[in-house]
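Shown next: target.txt, given as compact mmCIF, C-alpha atoms.
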```txt
# COMPACT_ATOMS: atom_id res chain seq x y z
CA MET A 875 103.36 136.67 -78.55
CA LYS A 876 101.20 135.74 -75.59
CA THR A 877 99.60 132.34 -75.71
CA ILE A 878 96.89 130.46 -73.88
CA THR A 879 96.71 126.72 -73.15
CA VAL A 880 93.81 124.89 -74.72
CA ASN A 881 92.58 121.51 -73.59
CA ILE A 882 89.81 119.64 -75.32
CA VAL A 883 88.59 116.74 -73.20
CA THR A 884 85.91 114.16 -73.92
CA PRO A 885 84.71 111.16 -71.89
CA ASP A 886 86.80 108.98 -74.20
CA GLY A 887 89.96 110.84 -73.37
CA PRO A 888 91.83 114.05 -74.11
CA VAL A 889 91.72 115.19 -77.72
CA TYR A 890 93.85 118.30 -77.85
CA ASP A 891 96.37 120.01 -75.64
CA SER A 892 98.43 122.87 -76.95
CA GLU A 893 99.36 126.55 -76.73
CA VAL A 894 97.47 128.84 -79.07
CA SER A 895 97.14 132.56 -79.48
CA MET A 896 93.38 132.70 -79.88
CA VAL A 897 90.36 130.41 -79.54
CA ILE A 898 87.09 131.02 -81.33
CA ALA A 899 84.15 128.85 -80.33
CA VAL A 900 80.45 128.77 -81.06
CA THR A 901 78.60 129.16 -77.77
CA ALA A 902 74.88 129.03 -77.20
CA THR A 903 74.63 132.80 -77.54
CA GLY A 904 76.94 133.26 -80.52
CA GLU A 905 80.57 133.16 -81.48
CA MET A 906 83.08 133.91 -78.79
CA GLY A 907 86.72 134.76 -79.25
CA ILE A 908 89.12 134.19 -76.40
CA LEU A 909 92.53 135.77 -76.10
CA PRO A 910 95.07 135.21 -73.34
CA GLY A 911 94.06 136.93 -70.11
CA HIS A 912 90.35 136.46 -70.57
CA ILE A 913 88.14 136.84 -67.51
CA PRO A 914 87.07 133.46 -65.99
CA THR A 915 83.97 132.39 -67.89
CA VAL A 916 81.78 129.37 -68.37
CA ALA A 917 79.57 129.06 -71.45
CA PRO A 918 77.67 126.19 -73.04
CA LEU A 919 78.75 125.21 -76.54
CA GLY A 920 76.52 124.48 -79.49
CA ILE A 921 77.27 122.11 -82.31
CA GLY A 922 80.02 123.82 -84.22
CA ALA A 923 83.63 124.29 -85.02
CA VAL A 924 86.28 125.48 -82.63
CA ARG A 925 89.03 127.48 -84.30
CA LEU A 926 92.43 127.27 -82.67
CA LYS A 927 94.64 130.05 -84.01
CA LYS A 928 98.35 129.76 -83.75
CA GLU A 929 100.91 132.24 -84.94
CA ASN A 930 100.61 131.38 -88.59
CA SER A 931 98.22 128.50 -88.79
CA THR A 932 94.71 127.64 -87.72
CA GLU A 933 93.49 124.28 -86.53
CA LEU A 934 89.87 123.26 -86.54
CA ALA A 935 87.96 120.90 -84.29
CA ALA A 936 84.38 119.69 -84.55
CA VAL A 937 82.68 119.80 -81.17
CA SER A 938 79.21 118.86 -80.04
CA GLY A 939 77.42 119.02 -76.75
CA GLY A 940 79.55 120.52 -74.10
CA PHE A 941 80.79 123.66 -72.53
CA LEU A 942 83.75 125.94 -72.36
CA GLU A 943 85.60 126.92 -69.25
CA VAL A 944 87.92 129.89 -69.50
CA ARG A 945 90.59 130.95 -67.05
CA PRO A 946 93.09 133.71 -67.74
CA ASP A 947 95.82 131.30 -68.83
CA LYS A 948 93.80 128.27 -69.79
CA VAL A 949 90.79 127.24 -71.83
CA THR A 950 89.15 123.88 -71.26
CA ILE A 951 86.55 122.54 -73.63
CA LEU A 952 84.50 119.70 -72.21
CA ALA A 953 82.49 118.04 -74.92
CA GLN A 954 80.61 114.79 -75.30
CA SER A 955 82.37 114.36 -78.60
CA ALA A 956 85.17 116.29 -80.25
CA GLU A 957 87.50 115.58 -83.13
CA LEU A 958 90.28 117.51 -84.77
CA ALA A 959 89.81 118.08 -88.51
CA THR A 960 92.55 115.57 -89.25
CA ASP A 961 90.88 112.84 -87.17
CA ILE A 962 87.46 113.08 -88.75
CA ASP A 963 86.14 110.04 -90.54
CA LEU A 964 84.64 111.76 -93.57
CA ALA A 965 82.91 108.69 -95.00
CA ARG A 966 81.19 108.07 -91.71
CA ALA A 967 80.03 111.66 -91.38
CA GLN A 968 78.65 111.65 -94.92
CA GLU A 969 76.89 108.37 -94.27
CA SER A 970 75.22 109.65 -91.11
CA ALA A 971 74.26 112.91 -92.86
CA ARG A 972 72.56 110.87 -95.57
CA ARG A 973 70.80 108.71 -93.01
CA ALA A 974 69.56 111.72 -91.06
CA GLU A 975 68.32 113.43 -94.22
CA ALA A 976 66.47 110.31 -95.30
CA MET A 977 64.84 110.15 -91.88
CA LEU A 978 63.78 113.80 -92.05
CA GLN A 979 62.32 113.34 -95.49
CA ALA A 980 60.54 110.12 -94.66
CA ASN A 981 58.05 112.26 -92.76
CA LYS A 982 56.81 109.35 -90.73
CA GLU A 983 55.23 109.75 -87.35
CA GLU A 984 57.56 107.48 -85.47
CA VAL A 985 60.62 109.45 -86.57
CA ASP A 986 62.15 111.52 -83.83
CA PHE A 987 62.65 114.74 -85.78
CA GLN A 988 64.60 116.52 -83.14
CA ARG A 989 67.13 113.74 -82.94
CA ALA A 990 67.44 113.37 -86.69
CA GLU A 991 67.99 117.07 -87.06
CA LEU A 992 70.65 117.11 -84.37
CA ALA A 993 72.35 114.14 -86.02
CA LEU A 994 72.27 115.97 -89.33
CA ARG A 995 73.78 119.10 -87.83
CA ARG A 996 76.53 117.12 -86.16
CA ALA A 997 77.34 115.31 -89.39
CA LYS A 998 77.31 118.54 -91.43
CA ASN A 999 79.53 120.17 -88.85
CA ARG A 1000 82.06 117.34 -89.15
CA ILE A 1001 82.02 117.56 -92.93
CA ASN A 1002 82.50 121.33 -92.86
CA VAL A 1003 85.33 121.09 -90.41
CA TYR A 1004 86.99 118.37 -92.44
CA GLU A 1005 86.85 120.48 -95.55
CA GLY A 1006 87.97 123.53 -93.64
CA ASN A 1007 85.05 125.50 -94.90
CA ILE A 1008 84.06 127.54 -91.89
CA MET B 927 87.38 51.03 -60.51
CA ALA B 928 87.40 53.08 -63.67
CA SER B 929 89.15 51.46 -66.56
CA LEU B 930 92.42 52.73 -67.94
CA ARG B 931 90.72 54.04 -71.03
CA ASP B 932 88.12 55.98 -69.00
CA ILE B 933 90.76 57.70 -66.95
CA LYS B 934 92.76 58.53 -70.03
CA ASN B 935 89.71 60.11 -71.66
CA ARG B 936 89.04 62.24 -68.64
CA ILE B 937 92.62 63.42 -68.54
CA THR B 938 92.51 64.45 -72.18
CA SER B 939 89.23 66.33 -71.88
CA THR B 940 90.29 68.11 -68.70
CA LYS B 941 93.50 69.12 -70.43
CA LYS B 942 91.55 70.60 -73.31
CA THR B 943 89.29 72.50 -70.95
CA SER B 944 92.26 73.91 -69.14
CA GLN B 945 93.76 75.07 -72.42
CA ILE B 946 90.59 77.00 -73.12
CA THR B 947 90.37 78.53 -69.67
CA ARG B 948 94.02 79.49 -69.84
CA ALA B 949 93.44 81.23 -73.16
CA MET B 950 90.41 83.01 -71.74
CA GLN B 951 92.44 84.12 -68.77
CA MET B 952 95.01 85.71 -71.03
CA VAL B 953 92.36 87.38 -73.15
CA SER B 954 90.78 88.87 -70.04
CA ALA B 955 94.14 90.03 -68.81
CA SER B 956 94.78 92.01 -71.96
CA LYS B 957 91.23 93.38 -71.95
CA LEU B 958 91.72 94.43 -68.35
CA ASN B 959 94.79 96.39 -69.39
CA ARG B 960 92.84 98.33 -71.96
CA ALA B 961 89.90 98.87 -69.66
CA GLU B 962 92.21 100.39 -67.10
CA LEU B 963 93.63 102.72 -69.72
CA ASN B 964 90.12 103.76 -70.75
CA ALA B 965 89.15 104.45 -67.18
CA LYS B 966 92.28 106.54 -66.83
CA ALA B 967 91.52 108.52 -69.98
CA PHE B 968 88.15 109.43 -68.55
CA VAL B 969 89.53 110.88 -65.31
CA PRO B 970 90.52 114.36 -66.60
CA TYR B 971 87.05 114.90 -68.08
CA MET B 972 85.34 113.87 -64.87
CA GLU B 973 87.61 115.97 -62.68
CA LYS B 974 87.10 119.03 -64.81
CA ILE B 975 83.35 118.73 -64.97
CA GLN B 976 83.21 118.16 -61.23
CA ASP B 977 85.35 121.23 -60.73
CA VAL B 978 83.08 123.46 -62.73
CA VAL B 979 79.87 122.09 -61.23
CA ALA B 980 81.30 122.56 -57.76
CA SER B 981 82.42 126.10 -58.40
CA ILE B 982 79.07 127.07 -59.85
CA ALA B 983 77.26 125.45 -56.97
CA ALA B 984 79.57 127.12 -54.45
CA GLY B 985 79.74 130.48 -56.19
CA SER B 986 76.05 131.15 -56.33
CA ASN B 987 73.95 130.01 -53.44
CA ASP B 988 70.66 131.04 -54.94
CA THR B 989 71.03 128.96 -58.08
CA SER B 990 69.06 125.80 -57.72
CA HIS B 991 68.12 123.36 -60.38
CA ALA B 992 65.52 120.63 -60.48
CA MET B 993 68.31 118.08 -60.65
CA MET B 994 69.87 119.34 -57.43
CA THR B 995 66.76 119.47 -55.29
CA THR B 996 65.43 116.52 -53.37
CA ARG B 997 61.75 115.92 -53.84
CA PRO B 998 59.39 113.54 -52.08
CA VAL B 999 60.16 110.07 -53.35
CA GLN B 1000 57.35 108.16 -54.93
CA LYS B 1001 59.40 106.05 -57.25
CA THR B 1002 63.03 105.03 -57.15
CA ALA B 1003 65.11 103.91 -60.08
CA TYR B 1004 67.90 101.39 -59.70
CA LEU B 1005 70.54 101.46 -62.38
CA VAL B 1006 72.37 98.16 -62.23
CA ILE B 1007 75.53 97.49 -64.18
CA THR B 1008 76.25 93.82 -64.81
CA SER B 1009 78.00 91.87 -67.52
CA ASP B 1010 76.48 90.31 -70.61
CA ARG B 1011 77.93 86.87 -70.13
CA GLY B 1012 78.83 84.55 -67.32
CA LEU B 1013 82.21 82.98 -66.55
CA VAL B 1014 83.08 85.94 -64.39
CA GLY B 1015 83.01 84.34 -60.95
CA GLY B 1016 80.96 86.21 -58.39
CA TYR B 1017 80.83 89.42 -60.41
CA ASN B 1018 77.14 89.34 -61.25
CA SER B 1019 75.80 87.43 -58.27
CA ASN B 1020 77.45 89.80 -55.79
CA ILE B 1021 75.89 92.82 -57.34
CA LEU B 1022 72.44 91.29 -57.82
CA ARG B 1023 72.40 90.04 -54.24
CA THR B 1024 73.22 93.51 -52.93
CA VAL B 1025 70.56 95.15 -55.06
CA MET B 1026 67.93 92.63 -54.00
CA SER B 1027 68.64 93.08 -50.31
CA LYS B 1028 68.52 96.88 -50.66
CA ILE B 1029 65.24 96.67 -52.53
CA ARG B 1030 63.73 94.39 -49.88
CA GLN B 1031 64.86 96.79 -47.17
CA ARG B 1032 63.44 99.87 -48.82
CA HIS B 1033 60.32 98.72 -50.62
CA THR B 1034 57.35 96.59 -49.92
CA SER B 1035 55.88 96.35 -53.39
CA ASN B 1036 57.22 96.15 -56.93
CA ASP B 1037 55.34 99.34 -57.86
CA GLU B 1038 57.62 101.54 -55.81
CA PHE B 1039 60.67 101.18 -57.99
CA VAL B 1040 61.89 100.55 -61.50
CA ILE B 1041 65.04 98.98 -62.86
CA LEU B 1042 67.38 100.30 -65.49
CA SER B 1043 69.78 97.64 -66.53
CA ILE B 1044 73.10 97.79 -68.28
CA GLY B 1045 74.12 94.23 -69.08
CA ARG B 1046 72.16 91.15 -70.07
CA LYS B 1047 72.61 89.23 -66.82
CA GLY B 1048 70.94 91.93 -64.77
CA ARG B 1049 68.11 92.39 -67.21
CA ASP B 1050 67.30 88.68 -67.29
CA PHE B 1051 67.50 88.40 -63.54
CA PHE B 1052 65.13 91.27 -62.79
CA ALA B 1053 62.73 90.22 -65.51
CA LYS B 1054 62.52 86.82 -63.84
CA GLN B 1055 61.72 88.50 -60.53
CA GLY B 1056 58.80 90.22 -62.21
CA MET B 1057 60.16 93.74 -61.71
CA THR B 1058 59.61 96.62 -64.06
CA ILE B 1059 62.55 97.19 -66.35
CA LEU B 1060 62.20 100.62 -67.91
CA ASP B 1061 65.21 100.39 -70.13
CA SER B 1062 68.23 98.26 -70.72
CA ALA B 1063 71.42 98.37 -72.70
CA ILE B 1064 72.93 95.05 -73.64
CA ALA B 1065 75.75 93.77 -75.80
CA LEU B 1066 78.02 96.68 -75.01
CA PRO B 1067 81.49 96.38 -76.51
CA ASP B 1068 84.33 95.37 -74.21
CA HIS B 1069 85.65 98.89 -74.30
CA PRO B 1070 82.59 101.11 -74.52
CA SER B 1071 82.94 104.64 -75.79
CA PHE B 1072 80.66 107.38 -74.59
CA ALA B 1073 78.56 107.09 -77.74
CA ASP B 1074 77.75 103.45 -76.89
CA ILE B 1075 75.98 104.24 -73.65
CA LYS B 1076 74.72 107.71 -74.50
CA GLU B 1077 71.27 106.37 -75.30
CA ILE B 1078 70.62 104.86 -71.89
CA THR B 1079 72.25 107.65 -69.88
CA ARG B 1080 70.19 110.22 -71.73
CA LYS B 1081 67.02 108.29 -70.98
CA ALA B 1082 67.99 107.69 -67.36
CA VAL B 1083 68.57 111.38 -66.76
CA GLY B 1084 65.61 112.43 -68.92
CA MET B 1085 63.14 110.28 -67.03
CA PHE B 1086 64.30 111.81 -63.77
CA SER B 1087 63.69 115.29 -65.19
CA ASP B 1088 60.21 114.47 -66.45
CA GLY B 1089 59.21 112.96 -63.12
CA THR B 1090 59.02 109.26 -64.02
CA TYR B 1091 61.03 108.64 -60.87
CA ASP B 1092 62.37 110.82 -58.09
CA GLU B 1093 65.76 109.37 -57.32
CA VAL B 1094 68.32 107.20 -59.03
CA TYR B 1095 70.71 104.79 -57.38
CA MET B 1096 73.44 103.13 -59.30
CA TYR B 1097 75.11 99.80 -58.52
CA TYR B 1098 78.34 98.61 -60.02
CA ASN B 1099 81.49 96.73 -59.17
CA HIS B 1100 84.23 99.17 -58.29
CA PHE B 1101 87.64 98.08 -59.47
CA VAL B 1102 89.99 98.02 -56.49
CA SER B 1103 92.65 95.69 -57.85
CA ALA B 1104 92.89 92.76 -60.24
CA ILE B 1105 91.81 90.41 -57.46
CA GLN B 1106 89.37 92.64 -55.62
CA GLN B 1107 86.18 94.32 -56.76
CA GLU B 1108 83.69 96.01 -54.51
CA VAL B 1109 79.98 96.34 -55.04
CA THR B 1110 79.34 100.06 -54.83
CA GLU B 1111 76.13 101.97 -54.39
CA LYS B 1112 76.00 105.52 -55.62
CA LYS B 1113 73.21 108.03 -55.62
CA VAL B 1114 73.22 109.67 -59.03
CA LEU B 1115 70.17 111.88 -58.88
CA PRO B 1116 69.26 114.26 -57.36
CA LEU B 1117 72.78 115.64 -57.26
CA THR B 1118 72.98 116.53 -53.61
CA ASP B 1119 76.53 115.76 -52.65
CA ILE B 1120 78.70 117.61 -55.11
CA GLU B 1121 82.19 117.68 -53.72
CA THR B 1122 83.63 121.12 -53.58
CA THR B 1123 87.31 121.37 -54.28
CA GLY B 1124 89.60 124.07 -52.95
CA SER B 1125 90.34 125.80 -56.23
CA THR B 1126 87.08 127.54 -56.90
CA ALA B 1127 87.40 130.42 -59.29
CA SER B 1128 84.52 132.81 -59.61
CA TYR B 1129 83.23 132.72 -63.13
CA GLU B 1130 81.30 134.92 -65.46
CA PHE B 1131 78.36 132.99 -66.84
CA ASP B 1132 77.29 133.41 -70.40
CA PRO B 1133 74.32 133.75 -70.63
CA SER B 1134 73.48 132.85 -67.00
CA ALA B 1135 74.30 130.38 -64.27
CA GLU B 1136 70.90 128.75 -64.70
CA ALA B 1137 71.43 128.24 -68.41
CA ILE B 1138 74.82 126.70 -67.74
CA LEU B 1139 73.43 124.34 -65.13
CA GLU B 1140 70.77 123.33 -67.63
CA VAL B 1141 73.50 122.00 -69.91
CA LEU B 1142 76.01 121.02 -67.31
CA LEU B 1143 74.03 118.96 -64.82
CA PRO B 1144 72.62 116.39 -67.26
CA GLN B 1145 76.09 116.07 -68.73
CA TYR B 1146 77.51 115.62 -65.25
CA ALA B 1147 74.98 112.95 -64.31
CA GLU B 1148 75.60 111.14 -67.58
CA SER B 1149 79.32 111.22 -66.96
CA LEU B 1150 78.83 109.71 -63.53
CA ILE B 1151 77.06 106.78 -65.16
CA PHE B 1152 79.67 106.46 -67.90
CA GLY B 1153 82.41 106.46 -65.28
CA ALA B 1154 80.64 103.63 -63.47
CA VAL B 1155 80.32 101.65 -66.70
CA LEU B 1156 84.06 101.97 -67.35
CA ASP B 1157 84.80 100.99 -63.77
CA GLY B 1158 82.41 98.07 -64.05
CA LYS B 1159 84.03 96.88 -67.27
CA ALA B 1160 87.46 96.91 -65.70
CA SER B 1161 86.05 94.90 -62.79
CA GLU B 1162 84.36 92.52 -65.18
CA HIS B 1163 87.58 91.72 -67.01
CA ALA B 1164 89.41 91.38 -63.71
CA ALA B 1165 86.75 89.06 -62.31
CA SER B 1166 86.79 87.02 -65.47
CA MET B 1167 90.55 86.77 -65.32
CA THR B 1168 90.49 85.57 -61.71
CA ALA B 1169 87.70 83.10 -62.39
CA MET B 1170 89.54 81.65 -65.37
CA LYS B 1171 92.76 81.47 -63.42
CA SER B 1172 91.16 79.41 -60.67
CA ALA B 1173 89.46 77.24 -63.29
CA THR B 1174 92.86 76.56 -64.85
CA ASP B 1175 94.37 75.82 -61.45
CA ASN B 1176 91.55 73.46 -60.59
CA ALA B 1177 91.95 71.69 -63.90
CA SER B 1178 95.65 71.07 -63.36
CA GLU B 1179 94.94 69.80 -59.86
CA LEU B 1180 92.36 67.44 -61.30
CA ILE B 1181 94.80 66.29 -63.96
CA ASP B 1182 97.42 65.56 -61.31
CA GLY B 1183 94.94 63.45 -59.35
CA LEU B 1184 93.78 61.62 -62.45
CA THR B 1185 97.32 60.95 -63.61
CA LEU B 1186 98.07 59.40 -60.25
CA SER B 1187 95.11 57.07 -60.40
CA TYR B 1188 95.91 56.29 -64.03
CA ASN B 1189 99.39 55.19 -63.06
CA ARG B 1190 98.04 53.17 -60.16
CA ALA B 1191 95.56 51.41 -62.41
CA ARG B 1192 98.28 50.71 -64.93
CA GLN B 1193 100.55 49.31 -62.24
CA ALA B 1194 97.72 47.16 -60.90
CA ALA B 1195 97.08 45.79 -64.37
CA ILE B 1196 100.76 44.91 -64.84
CA THR B 1197 100.97 43.28 -61.43
CA GLN B 1198 97.92 41.24 -62.17
CA GLU B 1199 99.32 40.08 -65.49
CA ILE B 1200 102.56 38.98 -63.89
CA THR B 1201 100.71 37.16 -61.16
CA GLU B 1202 98.70 35.34 -63.78
CA ILE B 1203 101.79 34.36 -65.77
CA VAL B 1204 103.62 33.20 -62.67
CA GLY B 1205 100.51 31.32 -61.53
CA GLY B 1206 100.21 29.67 -64.95
CA ALA B 1207 103.92 28.67 -64.97
CA ALA B 1208 103.66 27.24 -61.47
CA ALA B 1209 100.68 25.13 -62.48
CA LEU B 1210 102.72 23.55 -65.32
CA GLU B 1211 105.52 22.36 -63.08
```
What would the structure in this file look like if it were written as structure tokens?
Amino acid sequence: MKTITVNIVTPDGPVYDSEVSMVIAVTATGEMGILPGHIPTVAPLGIGAVRLKKENSTELAAVSGGFLEVRPDKVTILAQSAELATDIDLARAQESARRAEAMLQANKEEVDFQRAELALRRAKNRINVYEGNI
Amino acid sequence: MASLRDIKNRITSTKKTSQITRAMQMVSASKLNRAELNAKAFVPYMEKIQDVVASIAAGSNDTSHAMMTTRPVQKTAYLVITSDRGLVGGYNSNILRTVMSKIRQRHTSNDEFVILSIGRKGRDFFAKQGMTILDSAIALPDHPSFADIKEITRKAVGMFSDGTYDEVYMYYNHFVSAIQQEVTEKKVLPLTDIETTGSTASYEFDPSAEAILEVLLPQYAESLIFGAVLDGKASEHAASMTAMKSATDNASELIDGLTLSYNRARQAAITQEITEIVGGAAALE
């Protein structure tokens, strides 16, 4: 079976480097599936899960803020933060989800809603990826 | 001449100081190791992002973005990366001196520029000079992760986009080796000198090159700053290590000198005692 190399890199170091048979990522315009031999592409990524399909298993990674660079034999995901499902600190994600929700509900003027909402989405994304419920 | 007891006290206290500086030297050495590893871990990200920016910039000549175009400069921002604490030799003073001389060269009044400061030393210094500090990040951990400095990089890039200032220069100590750090000036924004590498693939852009640049360029500028922070941290630990090493060396030199004069004083006291005894015995005869 043909495979494609996937690299996930963040400013804090590489997170993932392996051969997979298919990558599915959430880009700004919708979900995008990449198979080996894909045309060179660059697309911005939203907050979401990246699915890394191998022959008979699927790995998940939570990614936020970055973009995807595709070459025929290689996919590079550059994200400001990225974690594999196994590396996610669930307690921390739940805590920040709670905090963000409290901030949204507080309905005060000084609350930066956009930021709180983004924080909430990131936290929810991590929780979903951890639980494998994508 | 100092008494025996005085000299002895000084020897003991100098010894204690040297123990502390030696410990600090070793702490810095191990921190330097980690800082170097962190800086290394960041390289692949930076290279990749540079690659993509370069290939987009090279591939499509008509794409221009506000962050890539030079506009008439009314206000300049200086992003200065210093340490939070002292005991780092010339690390902070070198950088602050360079920034001050650049500012004096380029500007005549304090209204023409603003300061963004990473590190307490820089913030305190510029506040004392009566300059405008728009934002500062202090008490960074010894090994900052991207999340730690995200706040200030986002603001620094955001305020360029909304027109608060028209160019951003960054100053930091570049880590050359454990004994050498260089004050480096880098123009962060506008992004005019993007290095183009040889391997430029032509890409499809989804949805468009402009939309990609919208995401990519702020991220690129932020990474430049993060890279400088990592570099600066490595330099800081190196500078601290060197400073503590010379402090330890100086202390042992001092101890050697003091021990010598202690022994001399002791000898003098013994000689005097003998002379007195001999003198006393001679008087009895």
* By how many Å are atom CA of A:Lys928 and atom CA of A:Ser895 apart? ->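 Distance reported for this atom pair: 5.2 Å.
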Closest contacts (chain B/chain A, max 10 Å, all atoms listed in the file) as a Markdown table:
```
| residue | atom | partner | partner_atom | distance |
| --- | --- | --- | --- | --- |
| B:Leu963 | CA | A:Gly887 | CA | 9.6 |
| B:Asn964 | CA | A:Asp886 | CA | 7.1 |
| B:Ala965 | CA | A:Asp886 | CA | 8.7 |
| B:Lys966 | CA | A:Gly887 | CA | 8.2 |
| B:Ala967 | CA | A:Gly887 | CA | 4.4 |
| B:Phe968 | CA | A:Pro885 | CA | 5.1 |
| B:Val969 | CA | A:Gly887 | CA | 8.1 |
| B:Pro970 | CA | A:Val883 | CA | 7.3 |
| B:Tyr971 | CA | A:Val883 | CA | 5.7 |
| B:Met972 | CA | A:Pro885 | CA | 7.6 |
| B:Lys974 | CA | A:Leu952 | CA | 7.9 |
| B:Ile975 | CA | A:Leu952 | CA | 7.4 |
| B:Val978 | CA | A:Glu943 | CA | 7.8 |
| B:Ile982 | CA | A:Val916 | CA | 9.2 |
| B:Pro1070 | CA | A:Asp886 | CA | 8.9 |
| B:Ser1071 | CA | A:Asp886 | CA | 6.0 |
| B:Phe1072 | CA | A:Pro885 | CA | 6.2 |
| B:Ala1073 | CA | A:Ser955 | CA | 8.3 |
| B:Lys1076 | CA | A:Gln954 | CA | 9.2 |
| B:Ala1127 | CA | A:Pro914 | CA | 7.4 |
| B:Ser1128 | CA | A:Pro914 | CA | 6.9 |
| B:Tyr1129 | CA | A:Thr915 | CA | 4.8 |
| B:Glu1130 | CA | A:Thr915 | CA | 4.4 |
| B:Phe1131 | CA | A:Val916 | CA | 5.2 |
| B:Asp1132 | CA | A:Ala917 | CA | 5.0 |
| B:Pro1133 | CA | A:Thr903 | CA | 7.0 |
| B:Ser1134 | CA | A:Ala917 | CA | 8.4 |
| B:Ala1135 | CA | A:Val916 | CA | 8.6 |
| B:Ala1137 | CA | A:Pro918 | CA | 8.0 |
| B:Ile1138 | CA | A:Pro918 | CA | 6.0 |
| B:Leu1139 | CA | A:Pro918 | CA | 9.2 |
| B:Glu1140 | CA | A:Pro918 | CA | 9.2 |
| B:Val1141 | CA | A:Pro918 | CA | 6.7 |
| B:Leu1142 | CA | A:Phe941 | CA | 7.6 |
| B:Gln1145 | CA | A:Gly940 | CA | 7.8 |
| B:Glu1148 | CA | A:Gln954 | CA | 9.9 |
| B:Ser1149 | CA | A:Pro885 | CA | 7.3 |
| B:Phe1152 | CA | A:Pro885 | CA | 8.0 |
| B:Gly1153 | CA | A:Pro885 | CA | 8.4 |
```
* Using only C-alpha atoms, which of the listed residues (B:Arg1046, B:Arg1030, B:Lys1171, B:Lys1113) sits closest to B:Tyr1097? -> B:Lys1113
* To do: Can you pull out every residue within 10 Å of B:Gln1000, counting all atoms listed in the file, but drop anything in the same chain fewer than 6 positions away, and send it as a list in words?
  =>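 The contact residues come out as Asp1037, Glu1038, Phe1039, Gly1089, Thr1090, Tyr1091, Asp1092 and Glu1093 of chain B.
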* Surrounding residues of A:Ala965 excluding itself and chain neighbours under 4 positions, 12 Å, all atoms listed in the file, as a ChimeraX atom specification -> /A:961,969-972,997-998,1000-1001,1004
* To do: Just give me the gap between atom CA of A:Ile962 and atom CA of A:Lys927 in Å, one decimal is fine.
  =>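 About the pair atom CA of A:Ile962 and atom CA of A:Lys927: they are 19.0 Å apart.
The closest residue to A:Glu893, picked from A:Arg996, A:Ala923, A:Gly907, A:Ile878 and counting only C-alpha atoms, is A:Ile878.
Proximity of B:Tyr1188, B:Tyr1146, B:Tyr1095, B:Tyr1004 to B:Leu1060, computed with all atoms listed in the file, is greatest for B:Tyr1004.
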* What is the atom CA of A:Val924 to atom CA of A:Ala967 distance in Å? ->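 Result for atom CA of A:Val924 versus atom CA of A:Ala967: 17.5 Å, one decimal.
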* To do: Could you give me, as a list in words, the residues within 6 Å of B:Tyr1098, counting all atoms listed in the file and dropping anything in the same chain fewer than 2 positions from it?
  =>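 Neighbouring residues, sequence-local ones excluded: Ile1007, Val1109, Thr1110 and Gly1158 of chain B.
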* Between B:Val1155, B:Ala1104, B:Met1096, B:Ala955, which has the minimum distance to B:Thr1024 (counting only C-alpha atoms)? ->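 Closest residue, counting only C-alpha atoms: B:Met1096.
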Counting all atoms listed in the file, write as a PDB file with C-alpha atoms, in the coordinates of the input all protein and nucleic acid residues lying at most 7 Å from (102.4, 127.3, -76.9) in the file's frame.
```pdb
ATOM      1  CA  THR A 877      99.600 132.340 -75.710  1.00  0.00           C
ATOM      2  CA  THR A 879      96.710 126.720 -73.150  1.00  0.00           C
ATOM      3  CA  SER A 892      98.430 122.870 -76.950  1.00  0.00           C
ATOM      4  CA  GLU A 893      99.360 126.550 -76.730  1.00  0.00           C
ATOM      5  CA  VAL A 894      97.470 128.840 -79.070  1.00  0.00           C
TER       6      VAL A 894
END
```
* For A:Leu934, the nearest of the candidates A:Gly920, A:Pro910, A:Asp986, A:Thr960, counting all atoms listed in the file -> A:Thr960
* **Selection: 12 Å around B:Ser1172, all atoms listed in the file, excl. self and same-chain fewer than 3 positions, as a ChimeraX atom specification** => /B:944,947-948,950-951,1013-1015,1105,1165-1169,1175-1179
Next, the residues of the selection above should be written as an mmCIF file, in the coordinates of the input with C-alpha atoms.
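File produced: again28.cif:
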```cif
data_model
loop_
_atom_site.group_PDB
_atom_site.id
_atom_site.type_symbol
_atom_site.label_atom_id
_atom_site.label_comp_id
_atom_site.auth_asym_id
_atom_site.auth_seq_id
_atom_site.Cartn_x
_atom_site.Cartn_y
_atom_site.Cartn_z
ATOM 1 C CA SER B 944 92.260 73.910 -69.140
ATOM 2 C CA THR B 947 90.370 78.530 -69.670
ATOM 3 C CA ARG B 948 94.020 79.490 -69.840
ATOM 4 C CA MET B 950 90.410 83.010 -71.740
ATOM 5 C CA GLN B 951 92.440 84.120 -68.770
ATOM 6 C CA LEU B 1013 82.210 82.980 -66.550
ATOM 7 C CA VAL B 1014 83.080 85.940 -64.390
ATOM 8 C CA GLY B 1015 83.010 84.340 -60.950
ATOM 9 C CA ILE B 1105 91.810 90.410 -57.460
ATOM 10 C CA ALA B 1165 86.750 89.060 -62.310
ATOM 11 C CA SER B 1166 86.790 87.020 -65.470
ATOM 12 C CA MET B 1167 90.550 86.770 -65.320
ATOM 13 C CA THR B 1168 90.490 85.570 -61.710
ATOM 14 C CA ALA B 1169 87.700 83.100 -62.390
ATOM 15 C CA ASP B 1175 94.370 75.820 -61.450
ATOM 16 C CA ASN B 1176 91.550 73.460 -60.590
ATOM 17 C CA ALA B 1177 91.950 71.690 -63.900
ATOM 18 C CA SER B 1178 95.650 71.070 -63.360
ATOM 19 C CA GLU B 1179 94.940 69.800 -59.860
#
```
